[in-house]
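Visitor: I am attaching a structure below and will ask some questions about it afterwards.
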Amino acid sequence: MMDLALSIMQTILIIALSPLFAGILRKAKARMQHRTGNSILQPYRDIAKLMRKSETVSESSSWLFRFIPYVCFGSMVLLALMTPFILADVAAPYGDLISMVYIFTLYRFMMILGGLEGGSTFGGMGSSREMMMSVLIEPSLLLSLMALAGLTGGSTMVSDIPRELIGMGAIVFAPALILAASSFFITLLAENSRVPFDNPATHLELTMVHEGMLIEYSGRGLGLMELSSMMRLMIFSSLLCTMFFPWGLVFTPSPSAILIGLASVLIKILLVMLAIALIESFLAKYRLFRLPNLLTASFALSLLAMISLYIL
Amino acid sequence: MHSADDLPQRIAECSDEGLGLACMYARSVPGGHVLEAVMIGDRVERITAFVEGTTYRSVTPSVPCASIYEREIYETYSLTPIGHRDMRPLRSRSPWGLSKDSAIPHNDISGSGIFEIPVGPIHAGVIGPGHFRFSVAGEPILMMRTYLGYSRRGVERLMETSASADNTVIAERISGDNAVAHALAYLQTAEQDSDIPERARFIRTVLSELERIYNHLGTISGIALDASLAVPAAQGGMLRENMLRLNEKICGHRQLWGMLKLGGVSRDISKAVLNEIEHETMKVGFDTDELVKLMVGSPSFMDRAETTGRLSYEDALRLRTVGPVARASGVANDVRKNLPYAAYDMVAMKVPMCPTGDVYARLSVRHKEIKESVSVILQCINMMKDGPIRTAVRPKDGSYVGVTESPRGETVHCAHINDGKITRYKIRDASFPNWPALESAVLGNIVPDFPLVNKSFDLSYSGNDL
């Protein structure tokens with residue numbers, strides 16, 4: 001019972017901290033460009049403001065349009081319940097990595113429908129580009145997780161993998177782990193519409209992918225979509241930090257262990273955010289038709305990870 | 001006066017001598033209209049023809065760049081060119097164009113899987129209003145058409161009805177970031193052959209090059225921003241801001257407004273400020289080198305910039321594009337060299353060129369032009385001697401053409417003065433002939449690359465719409 005309460009608290013922590021990390025990411029980018037930047041609390045204010053505003057809905061859209069933000073937010077809450085953050089024991093332990101991948105896909109599918117629902121040009125363009133990318137993201141994402149599962153003995157349960165990895169000690173710095181983690185990091189950038197796949201800060205409607213799909217949303221719908229996409233980045237980073245580099249994760253809760261666990265996961269996620277900020281500052285957005293090459297590279301890395309399991 | 005029947009032939013003959021059709025416009029005279037064609041190359045030639053009815057033989061079939069001018073004449077004077085096949089509205093939303101509720105025509109292209117994307121006039125960023133129609137098959141662009149005119153203010157008419165003898169103030173507001181070039185073109189039509197004091201001519205040259213530097217820095221930074229290259233974009237913005245602050249120190253206005261005046265300049269530049277200009281421009285020259293090195297050193301940026309938005313030499317020549325856009329496609333055309341004004345006949349300068357015509361070519365031409373501008377400014381400051389900065393000028397009657405090189409390219413002003421009053425004033429901003437070139441440069445590129453190509457052209461909405 002105690003464990004369940006702790007697990008639910010960690011879920012709430014994931015949801016509550018995701019705008020903070022989005023703010024830190026923006027701040028880090030601003031500092032790297034010699035700008036002062038907004039306060040790191042700005043995403044909270046933005047979301048609070050959007051939640052208070054009334055919605056404007058396109059005449060050509062159906063009930064689905066208003067329904068989608070709730071599905072997206074719901075699927076992210078479900079994922080937050082399944083993601084180990086401080087504790088290895090999660091509130092919804094019946095999920096494994098493969099079901100998580102498909103909940104992400106459900107989220108993306110709903111967002112694509114939302115882009116089409118509004119009936120605007122840019123929504124349609126964003127949706128078709130997202131569809132193209134999602135076809136390429138899925139295999140490399142799955143394969144990198146498979147390589148990880150292969151390394152740790154075959155289970156894809158989120159609570160088994162970290163335990164196995166820590167149990168393996170120092171040998172885990174095997175090529176397979178590094179390769180799979182690199183591949184996962186590339187898919188993280190692609191899934192979360194970061195540079196070089198998409199530019200979350202762009203003002204050019206013709207180049208938008210993720211923002212294009214959200215272009216018809218306003219008020220609470222937009223607030224929920226924005227919050228969901230911040231949570232998606234948070235969950236992805238947490239998965240990278242706890243599945244591939246689980247050191248610090250708490251298996252048997254005690255007050256001191258939880259404190260150490262919290263500190264370690266926050267530092268790890270901060271490092272991921274800084275890495276993203278660095279990439280966004282020093283890389284131009286790729287040409288749309290160059291992106292499959294990058295995702296193919298990610299797929300090749302996972303494939304190498306897989307092969308190295310059997311060769312080494 | 002010649003009849004309009006042999007106008008196409010006379011323009012074609014003039015083109016054979018190496019002159020290009022820089023501007024064509026109509027004006028009302030008793031009993032009909034007069035068509036005026038301004039041919040510019042190493043000299044300025046004016047061709048006039050009288051039109052009695054409401055039709056004349058189109059020049060476009062023999063000289064393609066006449067197309068936009070004939071469409072403009074049709075919209076303002078209802079003169080129909082016979083034999084012109086593309087009479088789409090030019091300034092569709094201006095009081096002279098289509099009425100507000102009539103629809104913008106669909107692109108003249110069809111087939112299965114071809115979609116039309118309407119974009120604008122309201123955009124997601126803070127940019128000028130323009131409507132674009134893309135016909136795409138998937139992502140590649142098969143056809144693109146621009147419909148402008150949303151920021152039409154009727155500046156030509158304002159010049160004609162102005163009660164003041166000095167209309168520099170209006171000229172500076174034609175296209176705010178090309179204020180000096182437009183004002184200088186106006187002053188050429190007003191000052192005619194008067195002798196302007198040497199110090200004023202040097203100051204005018206310095207101002208016009210300062211304007212070029214801050215405009216080009218804005219474009220370079222914009223190109224970086226549109227390719228999502230955040231750090232160089234911020235760096236370029238910083239350099240531009242420094243130049244704007246320098247401008248403010250010189251004349252109290254960040255975009256150099258209010259400095260030019262009929263007969264000279266409105267205020268002198270002190271020795272101390274001249275030293276500061278010298279210091280700041282030299283610094284900006286080196287800083288721009290660093291900035292461009294940062295951009296060119298990024299493989300992901302070069303991948304976006306090279307081969308994107310290629311404007312061929314033939315198209316650049318056929319549409320008679322001007323300015324850095326033309327020079328990046330290998331067309332050597334610079335008013336400062338061909339028809340020196342202000343003090344350009346006294347300074348040495350090169351005209352940077354690039355043959356490839358892509359986004360990178362336009363970037364590097366602008367980069368080299370900044371270096372040339374710095375050298376011109378330093379030469380001017382060195383040669384500058386103390387002396388008067390203004391002289392009294394009385395405009396004489398007649399027809400005059402003023403040509404200057406704005407940061408965007410050749411800028412043409414034509415004035416017809418009668419009894420000391422302007423009876424017809426024609427302005428042709430450098431963006432006007434370059435907009436159709438954009439339509440041809442984007443062909444075969446993908447939709448998400450359009451903003452980058454558009455930024456590298458750096459076209460003005462207000463200068464085009466007038």
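So you can find residues: chains in the structure tokens are A, B, ... in the order shown, residues in each start at 1, and ligands are numbered from 1 in order.
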Segment 180-415 of chain B: which residues are helix (DSSP H, G or I) by DSSP, as a PyMOL selection string?

Guide: chain B and resi 180-191+198-226+230-251+271-296+299-305+313-318+323-328+335-338+344-346+359-383

Visitor: For the residues in that selection, give me C-alpha atoms as a compact mmCIF listing (two decimals), in the first residue's frame.

Guide:
# COMPACT_ATOMS: atom_id res chain seq x y z
CA VAL B 180 18.68 56.35 -48.19
CA ALA B 181 18.61 54.67 -51.61
CA HIS B 182 15.05 55.82 -52.34
CA ALA B 183 15.75 59.33 -51.08
CA LEU B 184 18.90 59.54 -53.23
CA ALA B 185 16.96 58.36 -56.29
CA TYR B 186 14.35 61.03 -55.62
CA LEU B 187 17.05 63.65 -55.12
CA GLN B 188 18.55 62.77 -58.51
CA THR B 189 15.25 63.66 -60.15
CA ALA B 190 14.96 66.86 -58.10
CA GLU B 191 18.55 68.08 -58.12
CA GLU B 198 31.69 67.42 -52.27
CA ARG B 199 31.40 66.85 -48.54
CA ALA B 200 27.65 66.21 -48.89
CA ARG B 201 28.32 63.71 -51.67
CA PHE B 202 30.76 61.81 -49.48
CA ILE B 203 28.34 61.82 -46.56
CA ARG B 204 25.60 60.52 -48.85
CA THR B 205 27.86 57.68 -49.99
CA VAL B 206 28.73 56.77 -46.40
CA LEU B 207 25.04 56.73 -45.46
CA SER B 208 24.08 54.59 -48.41
CA GLU B 209 26.79 52.03 -47.56
CA LEU B 210 25.84 52.01 -43.87
CA GLU B 211 22.32 51.22 -45.00
CA ARG B 212 23.64 48.35 -47.11
CA ILE B 213 25.62 46.91 -44.20
CA TYR B 214 22.73 46.78 -41.75
CA ASN B 215 20.34 45.39 -44.36
CA HIS B 216 22.74 42.64 -45.42
CA LEU B 217 23.45 41.73 -41.80
CA GLY B 218 19.72 41.40 -41.23
CA THR B 219 19.40 39.12 -44.24
CA ILE B 220 22.38 36.95 -43.26
CA SER B 221 21.02 36.59 -39.75
CA GLY B 222 17.56 35.84 -41.17
CA ILE B 223 18.94 33.10 -43.40
CA ALA B 224 20.56 31.49 -40.34
CA LEU B 225 17.33 31.80 -38.38
CA ASP B 226 15.24 30.25 -41.13
CA ALA B 230 20.24 29.57 -33.65
CA VAL B 231 23.67 30.82 -32.57
CA PRO B 232 24.71 32.57 -35.83
CA ALA B 233 21.19 34.02 -36.05
CA ALA B 234 21.58 35.61 -32.64
CA GLN B 235 25.12 36.75 -33.50
CA GLY B 236 23.97 38.36 -36.75
CA GLY B 237 21.16 40.10 -34.91
CA MET B 238 23.69 41.49 -32.50
CA LEU B 239 25.92 42.88 -35.28
CA ARG B 240 22.91 44.46 -36.97
CA GLU B 241 21.85 46.04 -33.69
CA ASN B 242 25.33 47.55 -33.28
CA MET B 243 25.07 49.10 -36.73
CA LEU B 244 21.60 50.48 -35.96
CA ARG B 245 22.97 52.08 -32.80
CA LEU B 246 25.79 53.59 -34.82
CA ASN B 247 23.19 54.99 -37.24
CA GLU B 248 21.36 56.54 -34.32
CA LYS B 249 24.54 58.25 -33.19
CA ILE B 250 25.08 59.71 -36.66
CA CYS B 251 21.65 61.15 -37.32
CA LYS B 271 35.21 64.33 -36.64
CA ALA B 272 34.62 62.24 -33.52
CA VAL B 273 31.63 60.45 -35.03
CA LEU B 274 33.55 59.87 -38.26
CA ASN B 275 36.27 58.17 -36.23
CA GLU B 276 33.65 56.04 -34.57
CA ILE B 277 32.14 55.07 -37.95
CA GLU B 278 35.62 54.11 -39.14
CA HIS B 279 36.22 52.00 -36.07
CA GLU B 280 32.79 50.34 -35.98
CA THR B 281 32.63 49.47 -39.68
CA MET B 282 36.11 47.97 -39.64
CA LYS B 283 35.05 45.88 -36.68
CA VAL B 284 31.82 44.79 -38.31
CA GLY B 285 33.77 43.69 -41.37
CA PHE B 286 35.84 41.27 -39.33
CA ASP B 287 32.87 40.16 -37.22
CA THR B 288 30.91 39.34 -40.38
CA ASP B 289 33.78 37.15 -41.54
CA GLU B 290 33.57 35.27 -38.25
CA LEU B 291 29.79 34.99 -38.52
CA VAL B 292 29.85 33.63 -42.06
CA LYS B 293 32.66 31.25 -41.12
CA LEU B 294 30.47 29.93 -38.32
CA MET B 295 27.60 29.34 -40.74
CA VAL B 296 29.64 27.88 -43.59
CA PRO B 299 27.69 20.97 -42.62
CA SER B 300 24.00 20.83 -41.72
CA PHE B 301 23.61 24.47 -42.77
CA MET B 302 25.55 24.08 -46.01
CA ASP B 303 23.37 21.11 -46.86
CA ARG B 304 20.36 23.39 -46.62
CA ALA B 305 21.94 26.37 -48.40
CA TYR B 313 21.64 32.88 -65.20
CA GLU B 314 19.13 32.73 -68.07
CA ASP B 315 16.14 33.39 -65.80
CA ALA B 316 17.96 36.17 -63.98
CA LEU B 317 18.66 37.82 -67.33
CA ARG B 318 15.24 37.13 -68.86
CA GLY B 323 20.86 43.65 -57.05
CA PRO B 324 22.51 40.88 -55.03
CA VAL B 325 19.97 38.36 -56.37
CA ALA B 326 21.10 38.98 -59.96
CA ARG B 327 24.78 39.11 -59.04
CA ALA B 328 24.48 35.78 -57.20
CA VAL B 335 24.34 50.94 -60.56
CA ARG B 336 27.18 52.19 -58.36
CA LYS B 337 29.59 51.00 -61.04
CA ASN B 338 27.57 51.62 -64.22
CA TYR B 344 30.82 56.57 -56.21
CA ASP B 345 32.84 57.93 -59.15
CA MET B 346 35.63 58.82 -56.70
CA VAL B 359 20.85 30.41 -51.30
CA TYR B 360 24.53 30.09 -50.47
CA ALA B 361 25.49 32.26 -53.47
CA ARG B 362 23.15 35.01 -52.33
CA LEU B 363 24.56 34.72 -48.82
CA SER B 364 28.16 34.97 -49.96
CA VAL B 365 27.49 37.86 -52.36
CA ARG B 366 25.99 39.78 -49.44
CA HIS B 367 28.92 38.86 -47.25
CA LYS B 368 31.42 40.17 -49.83
CA GLU B 369 29.32 43.29 -50.37
CA ILE B 370 29.58 44.12 -46.68
CA LYS B 371 33.37 43.96 -47.06
CA GLU B 372 33.20 46.25 -50.10
CA SER B 373 30.91 48.66 -48.25
CA VAL B 374 33.40 48.87 -45.41
CA SER B 375 36.16 49.71 -47.89
CA VAL B 376 34.00 52.36 -49.60
CA ILE B 377 33.16 53.97 -46.25
CA LEU B 378 36.83 54.08 -45.24
CA GLN B 379 37.82 55.62 -48.58
CA CYS B 380 35.09 58.26 -48.26
CA ILE B 381 36.13 59.20 -44.72
CA ASN B 382 39.75 59.48 -45.85
CA MET B 383 38.94 61.71 -48.80

Visitor: Chain A residues within 10 Å of chain B, counting only C-alpha atoms: which ones, as a VMD selection string?

Guide: chain A and resid 29 to 35 120 to 122 125 128 to 129 195 to 196 198 to 209 215 280 to 290

Visitor: Would you save the residues from that selection as a PDB file, in the first residue's frame, using C-alpha atoms?

Guide:
ATOM      1  CA  LYS A  29      19.101  27.454 -25.449  1.00  0.00           C
ATOM      2  CA  ALA A  30      18.685  31.171 -24.791  1.00  0.00           C
ATOM      3  CA  ARG A  31      21.907  31.350 -22.782  1.00  0.00           C
ATOM      4  CA  MET A  32      23.819  29.552 -25.530  1.00  0.00           C
ATOM      5  CA  GLN A  33      22.610  32.222 -27.973  1.00  0.00           C
ATOM      6  CA  HIS A  34      23.685  35.076 -25.669  1.00  0.00           C
ATOM      7  CA  ARG A  35      20.075  35.845 -24.855  1.00  0.00           C
ATOM      8  CA  SER A 120      -6.315  24.039 -42.426  1.00  0.00           C
ATOM      9  CA  THR A 121      -3.482  23.663 -44.903  1.00  0.00           C
ATOM     10  CA  PHE A 122      -0.739  23.652 -42.333  1.00  0.00           C
ATOM     11  CA  MET A 125       1.030  19.378 -44.124  1.00  0.00           C
ATOM     12  CA  SER A 128       1.558  14.158 -43.585  1.00  0.00           C
ATOM     13  CA  ARG A 129       5.148  14.939 -42.560  1.00  0.00           C
ATOM     14  CA  VAL A 195      16.068  20.108 -34.171  1.00  0.00           C
ATOM     15  CA  PRO A 196      17.242  18.687 -36.637  1.00  0.00           C
ATOM     16  CA  ASP A 198      11.643  19.973 -36.535  1.00  0.00           C
ATOM     17  CA  ASN A 199      12.118  23.381 -34.984  1.00  0.00           C
ATOM     18  CA  PRO A 200       9.847  23.885 -31.969  1.00  0.00           C
ATOM     19  CA  ALA A 201      10.638  27.625 -31.935  1.00  0.00           C
ATOM     20  CA  THR A 202       9.958  28.353 -35.608  1.00  0.00           C
ATOM     21  CA  HIS A 203       7.690  31.103 -36.864  1.00  0.00           C
ATOM     22  CA  LEU A 204       7.628  29.691 -40.421  1.00  0.00           C
ATOM     23  CA  GLU A 205       4.334  27.941 -40.947  1.00  0.00           C
ATOM     24  CA  LEU A 206       5.586  26.188 -44.082  1.00  0.00           C
ATOM     25  CA  THR A 207       8.307  24.265 -42.267  1.00  0.00           C
ATOM     26  CA  MET A 208       6.262  23.213 -39.249  1.00  0.00           C
ATOM     27  CA  VAL A 209       5.637  19.595 -38.343  1.00  0.00           C
ATOM     28  CA  ILE A 215      -2.089  25.233 -35.305  1.00  0.00           C
ATOM     29  CA  GLU A 280      19.476  22.787 -31.092  1.00  0.00           C
ATOM     30  CA  SER A 281      21.973  25.618 -30.903  1.00  0.00           C
ATOM     31  CA  PHE A 282      24.646  24.241 -33.178  1.00  0.00           C
ATOM     32  CA  LEU A 283      22.768  22.227 -35.787  1.00  0.00           C
ATOM     33  CA  ALA A 284      20.580  23.577 -38.571  1.00  0.00           C
ATOM     34  CA  LYS A 285      17.294  21.883 -39.215  1.00  0.00           C
ATOM     35  CA  TYR A 286      17.797  19.169 -41.803  1.00  0.00           C
ATOM     36  CA  ARG A 287      16.137  19.156 -45.172  1.00  0.00           C
ATOM     37  CA  LEU A 288      12.888  17.211 -44.911  1.00  0.00           C
ATOM     38  CA  PHE A 289      14.067  14.485 -47.257  1.00  0.00           C
ATOM     39  CA  ARG A 290      17.382  14.168 -45.410  1.00  0.00           C
TER      40      ARG A 290
END

Visitor: Which residues are near Ile307 of chain A? Cut-off 9 Å, only C-alpha atoms, ignore same chain within fewer than 4 positions. Put them as a list in words.

Guide: Ala147, Ala176, Ser302, Leu303, Ile311 and Leu312 of chain A

Visitor: Print the selection's residues with N, CA and C atoms to a file, as a short mmCIF file (atom, residue, chain, number, x, y, z; two decimals), in the first residue's frame.

Guide:
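Saved to result39.cif:
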data_model
loop_
_atom_site.label_atom_id
_atom_site.label_comp_id
_atom_site.auth_asym_id
_atom_site.auth_seq_id
_atom_site.Cartn_x
_atom_site.Cartn_y
_atom_site.Cartn_z
N ALA A 147 17.18 -4.49 -28.39
CA ALA A 147 18.60 -4.73 -28.10
C ALA A 147 18.84 -4.64 -26.60
N ALA A 176 26.72 -2.87 -26.93
CA ALA A 176 25.28 -2.96 -27.19
C ALA A 176 24.53 -1.86 -26.47
N SER A 302 20.89 0.59 -33.77
CA SER A 302 20.19 -0.45 -33.02
C SER A 302 20.53 -1.83 -33.55
N LEU A 303 20.61 -1.90 -34.88
CA LEU A 303 20.91 -3.19 -35.50
C LEU A 303 22.30 -3.67 -35.07
N ILE A 311 27.70 -11.45 -31.21
CA ILE A 311 29.09 -11.62 -31.61
C ILE A 311 30.03 -11.50 -30.42
N LEU A 312 29.78 -10.46 -29.58
CA LEU A 312 30.72 -10.22 -28.47
C LEU A 312 30.39 -11.10 -27.28
#

Visitor: Rounded to one decimal in Å, what is the spacing between atom CA of Phe197 of chain A and atom CA of Phe109 of chain A?

Guide: 17.9 Å

Visitor: For Val57 of chain A, work out the shell of residues within 8 Å, counting only C-alpha atoms and skipping chain neighbours fewer than 3 positions away, then give it as JSON, numbers by chain.

Guide: {"A": [61, 118, 216, 217, 218]}

Visitor: Which is closest to Lys426 of chain B among B:Gly149, B:Gly402, B:Pro352, B:Gly330, if we use only C-alpha atoms?

Guide: B:Gly402

Visitor: Atom CA of Phe457 of chain B to atom CA of Ile68 of chain B: how many Å, to one decimal?

Guide: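 Atom CA of Ile68 of chain B lies 18.0 Å from atom CA of Phe457 of chain B.
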
Visitor: Would you compute the distance between atom CA of Ala263 of chain A and atom CA of Ile40 of chain A? Give it in Å to one decimal.

Guide: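 Interatomic distance, atom CA of Ala263 of chain A to atom CA of Ile40 of chain A: 18.7 Å.
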
Visitor: I want to know what sits within 8 Å of Leu90 of chain B, based on only C-alpha atoms, with residues of the same chain fewer than 6 positions away left out; could you give that as a list in words?

Guide: Ile68, Arg71, Glu72, Glu75, Gly97, Tyr147, Leu148 and Gly149 of chain B

Visitor: Write out as a ChimeraX atom specification the residues lying within 7 Å of Cys241 of chain A, counting only C-alpha atoms and excluding same-chain residues fewer than 5 positions away.

Guide: /A:246,265,268-269

Visitor: Which of segment 198-406 of chain B counts as strand (DSSP E or B) under DSSP, as a ChimeraX atom specification please?

Guide: /B:260-261,264-265,390,398-406

Visitor: So that I can check the surroundings of Thr168 of chain B, please list as a ChimeraX atom specification every protein, DNA and RNA residue that reaches within 7 Å of it, counting only C-alpha atoms and ignoring chain neighbours fewer than 2 positions away.

Guide: /B:166,170-172,183,186,261

Visitor: Could you please take those selected residues and save C-alpha atoms as a PDB file, in the first residue's frame?

Guide:
ATOM      1  CA  ASP B 166      11.483  68.837 -50.988  1.00  0.00           C
ATOM      2  CA  ILE B 170       8.053  60.875 -48.519  1.00  0.00           C
ATOM      3  CA  ALA B 171      10.798  59.112 -50.470  1.00  0.00           C
ATOM      4  CA  GLU B 172      12.336  57.842 -47.232  1.00  0.00           C
ATOM      5  CA  ALA B 183      15.753  59.334 -51.081  1.00  0.00           C
ATOM      6  CA  TYR B 186      14.354  61.030 -55.622  1.00  0.00           C
ATOM      7  CA  LYS B 261      17.861  66.984 -47.933  1.00  0.00           C
TER       8      LYS B 261
END
